[in-house]
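S.K.: Okay, so here is start16.txt, and as you'll see once you scroll down, it has compact mmCIF, C-alpha atoms and all ligand atoms.
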```txt
# COMPACT_ATOMS: atom_id res chain seq x y z
CA MET A 1 9.97 16.28 -0.37
CA LYS A 2 10.38 15.70 3.33
CA ILE A 3 7.21 15.06 5.34
CA ASN A 4 6.63 14.54 9.01
CA PHE A 5 3.59 12.99 10.69
CA SER A 6 2.56 11.24 13.86
CA LEU A 7 2.10 7.49 13.42
CA ASN A 8 0.56 5.58 16.31
CA GLY A 9 1.87 8.23 18.66
CA ARG A 10 5.43 8.49 17.40
CA ASN A 11 6.97 11.03 15.04
CA VAL A 12 7.91 9.82 11.57
CA ASP A 13 10.05 11.65 8.96
CA VAL A 14 9.96 10.45 5.37
CA GLU A 15 11.71 11.69 2.22
CA THR A 16 9.42 10.94 -0.73
CA PRO A 17 7.96 12.37 -3.97
CA SER A 18 4.99 14.60 -3.07
CA GLU A 19 2.44 12.44 -4.92
CA THR A 20 3.39 9.11 -3.32
CA ARG A 21 0.32 7.40 -1.87
CA LEU A 22 0.23 7.44 1.91
CA SER A 23 -0.70 3.73 1.79
CA ASP A 24 2.63 3.00 0.07
CA ILE A 25 4.55 5.10 2.59
CA LEU A 26 2.90 3.22 5.45
CA LYS A 27 3.60 -0.17 3.88
CA ASP A 28 7.05 0.45 2.43
CA ASN A 29 8.66 3.04 4.71
CA ALA A 30 6.91 2.45 8.02
CA LYS A 31 6.43 -1.33 7.57
CA ILE A 32 2.81 -1.23 8.71
CA GLY A 33 1.33 -4.69 8.14
CA SER A 34 -2.37 -3.86 8.57
CA VAL A 35 -2.51 -1.55 5.53
CA HIS A 36 -3.21 -3.39 2.25
CA THR A 37 -3.80 -2.04 -1.23
CA ALA A 38 -6.33 -4.27 -2.95
CA CYS A 39 -7.73 -1.63 -5.33
CA ASN A 40 -5.77 1.65 -5.03
CA LYS A 41 -9.00 3.41 -6.02
CA GLY A 42 -10.61 4.25 -2.68
CA GLU A 43 -13.20 1.53 -3.12
CA CYS A 44 -12.24 -1.51 -1.03
CA ARG A 45 -11.18 -0.18 2.43
CA SER A 46 -8.24 -2.55 2.76
CA CYS A 47 -5.95 0.49 3.25
CA THR A 48 -8.11 2.20 5.91
CA ILE A 49 -6.43 4.25 8.63
CA LEU A 50 -7.58 6.89 11.09
CA PHE A 51 -6.46 10.15 9.53
CA ASN A 52 -6.79 13.04 11.96
CA GLY A 53 -9.42 10.98 13.78
CA ASP A 54 -11.57 9.82 10.83
CA ALA A 55 -11.49 6.53 8.93
CA ALA A 56 -9.96 7.25 5.51
CA ALA A 57 -8.60 5.37 2.51
CA SER A 58 -4.85 5.97 2.70
CA CYS A 59 -4.45 5.10 -1.02
CA LEU A 60 -6.25 8.38 -1.85
CA ILE A 61 -4.02 10.58 0.32
CA PRO A 62 -0.89 11.93 -1.39
CA ALA A 63 2.23 12.44 0.68
CA PHE A 64 1.97 16.23 0.69
CA GLU A 65 -1.48 16.03 2.34
CA ALA A 66 -0.10 13.84 5.11
CA ARG A 67 2.25 16.55 6.36
CA SER A 68 1.75 17.21 10.09
CA SER A 69 -1.17 14.77 10.25
CA GLU A 70 -2.05 12.36 13.00
CA ILE A 71 -2.28 8.80 11.73
CA VAL A 72 -3.45 5.75 13.64
CA THR A 73 -3.40 2.29 12.10
CA LEU A 74 -4.84 -0.94 13.47
CA GLU A 75 -1.49 -1.55 15.21
CA GLY A 76 -1.95 1.58 17.32
CA PHE A 77 -5.72 1.31 17.68
CA SER A 78 -5.44 -2.25 19.04
CA LYS A 79 -4.03 -0.80 22.27
CA THR A 80 -7.26 1.08 23.04
CA ASP A 81 -10.37 0.14 25.05
CA ASP A 82 -12.47 0.90 21.98
CA TYR A 83 -10.65 -1.84 20.08
CA HIS A 84 -11.36 -4.35 22.84
CA ASP A 85 -15.06 -3.42 22.89
CA ILE A 86 -15.32 -4.01 19.13
CA MET A 87 -13.46 -7.33 19.39
CA GLN A 88 -15.72 -8.46 22.24
CA ALA A 89 -18.74 -7.74 20.06
CA PHE A 90 -17.23 -9.74 17.19
CA GLU A 91 -16.48 -12.66 19.54
CA GLU A 92 -20.05 -12.67 20.78
CA THR A 93 -21.30 -13.06 17.22
CA GLY A 94 -18.76 -15.84 16.56
CA THR A 95 -17.24 -13.88 13.67
CA THR A 96 -13.57 -13.59 12.74
CA LEU A 97 -12.08 -11.24 10.16
CA CYS A 98 -9.16 -11.94 7.86
CA ASP A 99 -6.03 -9.78 7.62
CA LEU A 100 -7.18 -8.07 4.43
CA CYS A 101 -10.35 -6.54 5.85
CA ARG A 102 -9.67 -6.43 9.60
CA GLY A 103 -8.20 -2.92 9.74
CA GLY A 104 -10.81 -1.35 7.49
CA THR A 105 -13.73 -3.00 9.25
CA ILE A 106 -12.62 -2.20 12.79
CA LEU A 107 -11.55 1.39 12.10
CA THR A 108 -14.78 2.05 10.17
CA ILE A 109 -16.83 0.79 13.12
CA TYR A 110 -14.88 3.09 15.45
CA SER A 111 -15.42 6.01 13.11
CA ILE A 112 -19.20 5.39 12.99
CA LEU A 113 -19.35 5.30 16.79
CA GLU A 114 -17.40 8.52 17.10
CA ARG A 115 -20.06 10.23 14.99
CA PHE A 116 -23.22 8.52 16.28
CA ALA A 117 -23.79 7.32 19.85
CA GLU A 118 -26.69 5.15 18.66
CA PRO A 119 -26.19 4.60 14.92
CA ASP A 120 -29.16 3.35 12.91
CA GLU A 121 -28.94 0.79 10.12
CA GLY A 122 -28.88 3.42 7.41
CA GLN A 123 -25.86 5.14 8.95
CA ILE A 124 -24.04 1.81 9.31
CA LEU A 125 -24.86 0.67 5.77
CA ASP A 126 -23.76 4.02 4.43
CA ALA A 127 -20.37 3.78 6.15
CA PHE A 128 -19.84 0.24 4.85
CA ARG A 129 -20.79 0.90 1.24
CA GLY A 130 -18.10 -0.62 -1.00
CA SER A 131 -16.59 -2.79 1.73
CA ILE A 132 -14.16 -5.39 0.41
CA CYS A 133 -15.35 -8.30 2.56
CA PRO A 134 -17.73 -10.62 0.68
CA CYS A 135 -17.70 -13.21 3.47
CA THR A 136 -19.15 -11.40 6.50
CA ASN A 137 -22.86 -10.77 6.28
CA ILE A 138 -23.64 -7.09 6.71
CA ARG A 139 -26.29 -8.08 9.29
CA ILE A 140 -23.42 -9.32 11.50
CA ILE A 141 -21.57 -6.03 11.08
CA ILE A 142 -24.76 -4.16 12.05
CA GLN A 143 -25.05 -6.36 15.17
CA VAL A 144 -21.41 -5.70 16.08
CA VAL A 145 -21.77 -1.93 15.68
CA LYS A 146 -24.93 -1.89 17.82
CA LYS A 147 -23.39 -4.11 20.53
CA THR A 148 -20.27 -1.94 20.67
CA ALA A 149 -22.40 1.20 20.85
CA LEU A 150 -24.18 -0.33 23.84
CA TYR A 151 -20.89 -1.16 25.63
CA ARG A 152 -19.70 2.42 25.06
CA ARG A 153 -22.90 3.96 26.37
CA ARG A 154 -22.76 1.74 29.45
CA LYS A 155 -19.14 2.69 30.11
CA ARG A 156 -19.59 6.38 29.49
CA PHE A 157 -23.03 7.03 30.85
CA GLY A 158 -23.89 3.89 32.85
CA ARG A 159 -27.06 3.37 30.80
CA LYS A 160 -28.49 1.17 28.03
S1 LIG B 201 -6.60 0.14 -1.67
FE1 LIG B 201 -7.37 1.93 -0.78
S2 LIG B 201 -9.51 1.70 -0.86
FE2 LIG B 201 -8.75 -0.06 -1.88
S1 LIG B 202 -13.22 -11.79 6.34
FE1 LIG B 202 -11.73 -10.54 5.37
S2 LIG B 202 -12.38 -10.23 3.35
FE2 LIG B 202 -13.96 -11.32 4.33
```
Let me see whether you can do it: turn the structure in this file into structure tokens.

M.R.:
Amino acid sequence: MKINFSLNGRNVDVETPSETRLSDILKDNAKIGSVHTACNKGECRSCTILFNGDAAASCLIPAFEARSSEIVTLEGFSKTDDYHDIMQAFEETGTTLCDLCRGGTILTIYSILERFAEPDEGQILDAFRGSICPCTNIRIIIQVVKKTALYRRRKRFGRK
């Protein structure tokens, strides 16, 4: 089947079987380097994208569901102010992420902050359940989410 979607702001047409995983389309057809497929079961987050605005595992999305969708990967998201806020928070904690988990971690943080202006630990832990990264302490991720939330509130409302 032929599908069309928006990828990082540009239109993409792909001819593919209807059940092809979106993660494979992004890797193989669109040559997106930030999407990885460590489990192909929706458990590890290495294939995370923003799918119509929400963080989602692209390995669980079949091609036919991607028709007319709006997809943003880390490549597109890295051009936004939100990306720079998250990276600043990571730098302040002295933490770096590897290629395998970077996209999933950053896009999940963004997705949390789109839902909660001041997320609590339970909301953050919930969003990160099943994360692939065994090397970054979840306490650091919680710190990064809270710091980024603070930067956003200051920018948007001029308050703490
Ligand atoms: S490859 Fe998609 S969640 Fe692991
Ligand atoms: S820093 Fe990427 S998997 Fe841990």

S.K.: Given a cut-off of 10 Å, what residues near ligand LIG 202 (chain B) show up using only C-alpha atoms and all ligand atoms, put as a CSV table (one decimal) with C-alpha atoms, in the coordinates of the input?

M.R.:
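out-v5.csv written:
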```
chain,number,residue,atom,x,y,z
A,44,CYS,CA,-12.2,-1.5,-1.0
A,46,SER,CA,-8.2,-2.6,2.8
A,95,THR,CA,-17.2,-13.9,13.7
A,96,THR,CA,-13.6,-13.6,12.7
A,97,LEU,CA,-12.1,-11.2,10.2
A,98,CYS,CA,-9.2,-11.9,7.9
A,99,ASP,CA,-6.0,-9.8,7.6
A,100,LEU,CA,-7.2,-8.1,4.4
A,101,CYS,CA,-10.4,-6.5,5.8
A,102,ARG,CA,-9.7,-6.4,9.6
A,103,GLY,CA,-8.2,-2.9,9.7
A,104,GLY,CA,-10.8,-1.4,7.5
A,105,THR,CA,-13.7,-3.0,9.2
A,131,SER,CA,-16.6,-2.8,1.7
A,132,ILE,CA,-14.2,-5.4,0.4
A,133,CYS,CA,-15.4,-8.3,2.6
A,134,PRO,CA,-17.7,-10.6,0.7
A,135,CYS,CA,-17.7,-13.2,3.5
A,136,THR,CA,-19.2,-11.4,6.5
A,137,ASN,CA,-22.9,-10.8,6.3
```

S.K.: Just how far from CA of Pro17 (chain A) is CA of Ala66 (chain A), in Å to one decimal?

M.R.: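 Taking CA of Ala66 (chain A) as the start and CA of Pro17 (chain A) as the end point, the length is 12.2 Å.
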
S.K.: Check which residues fall inside 7 Å of ligand LIG 201 (chain B) when counting only C-alpha atoms and all ligand atoms, and print them as a PyMOL selection string.

M.R.: chain A and resi 36-48+57-60

S.K.: Neighbours of Asp13 (chain A) within 12 Å (all atoms listed in the file; same-chain residues fewer than 4 positions away dropped), as a PyMOL selection string?

M.R.: chain A and resi 1-7+25-26+29-30+63+66-69

S.K.: Kindly export the residues of the current selection with C-alpha atoms, as an mmCIF file, in the coordinates of the input.

M.R.:
```
data_model
loop_
_atom_site.group_PDB
_atom_site.id
_atom_site.type_symbol
_atom_site.label_atom_id
_atom_site.label_comp_id
_atom_site.auth_asym_id
_atom_site.auth_seq_id
_atom_site.Cartn_x
_atom_site.Cartn_y
_atom_site.Cartn_z
ATOM 1 C CA MET A 1 9.970 16.280 -0.370
ATOM 2 C CA LYS A 2 10.380 15.700 3.330
ATOM 3 C CA ILE A 3 7.210 15.060 5.340
ATOM 4 C CA ASN A 4 6.630 14.540 9.010
ATOM 5 C CA PHE A 5 3.590 12.990 10.690
ATOM 6 C CA SER A 6 2.560 11.240 13.860
ATOM 7 C CA LEU A 7 2.100 7.490 13.420
ATOM 8 C CA ILE A 25 4.550 5.100 2.590
ATOM 9 C CA LEU A 26 2.900 3.220 5.450
ATOM 10 C CA ASN A 29 8.660 3.040 4.710
ATOM 11 C CA ALA A 30 6.910 2.450 8.020
ATOM 12 C CA ALA A 63 2.230 12.440 0.680
ATOM 13 C CA ALA A 66 -0.100 13.840 5.110
ATOM 14 C CA ARG A 67 2.250 16.550 6.360
ATOM 15 C CA SER A 68 1.750 17.210 10.090
ATOM 16 C CA SER A 69 -1.170 14.770 10.250
#
```

S.K.: Neighbours of region 118-130 of chain A within 9 Å (only C-alpha atoms; same-chain residues fewer than 5 positions away dropped), as a list of chain:residue names?

M.R.: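 Residues near the query, excluding close chain neighbours: A:Glu43, A:Cys44, A:Arg45, A:Thr105, A:Thr108, A:Ile109, A:Ser111, A:Ile112, A:Leu113, A:Ile138, A:Ile141, A:Ile142, A:Val145, A:Lys146, A:Ala149, A:Leu150, A:Arg153.
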
S.K.: What's the separation between CA of Lys155 (chain A) and CA of Arg115 (chain A), in Å to one decimal place?

M.R.: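 These atoms are spaced 16.9 Å apart.
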
S.K.: Got a sec: who's within 9 Å of Val72 (chain A), counting all atoms listed in the file, leaving out chain neighbours fewer than 6 positions off, as a PDB file with C-alpha atoms, in the frame of the given file?

M.R.:
```
ATOM      1  CA  SER A   6       2.560  11.240  13.860  1.00  0.00           C
ATOM      2  CA  LEU A   7       2.100   7.490  13.420  1.00  0.00           C
ATOM      3  CA  ASN A   8       0.560   5.580  16.310  1.00  0.00           C
ATOM      4  CA  GLY A   9       1.870   8.230  18.660  1.00  0.00           C
ATOM      5  CA  ILE A  49      -6.430   4.250   8.630  1.00  0.00           C
ATOM      6  CA  LEU A  50      -7.580   6.890  11.090  1.00  0.00           C
ATOM      7  CA  PHE A  51      -6.460  10.150   9.530  1.00  0.00           C
ATOM      8  CA  ASN A  52      -6.790  13.040  11.960  1.00  0.00           C
ATOM      9  CA  GLY A  53      -9.420  10.980  13.780  1.00  0.00           C
TER      10      GLY A  53
END
```

S.K.: Interatomic distance between CA of Tyr110 (chain A) and CA of Glu92 (chain A)?

M.R.: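 So the answer is 17.4 Å.
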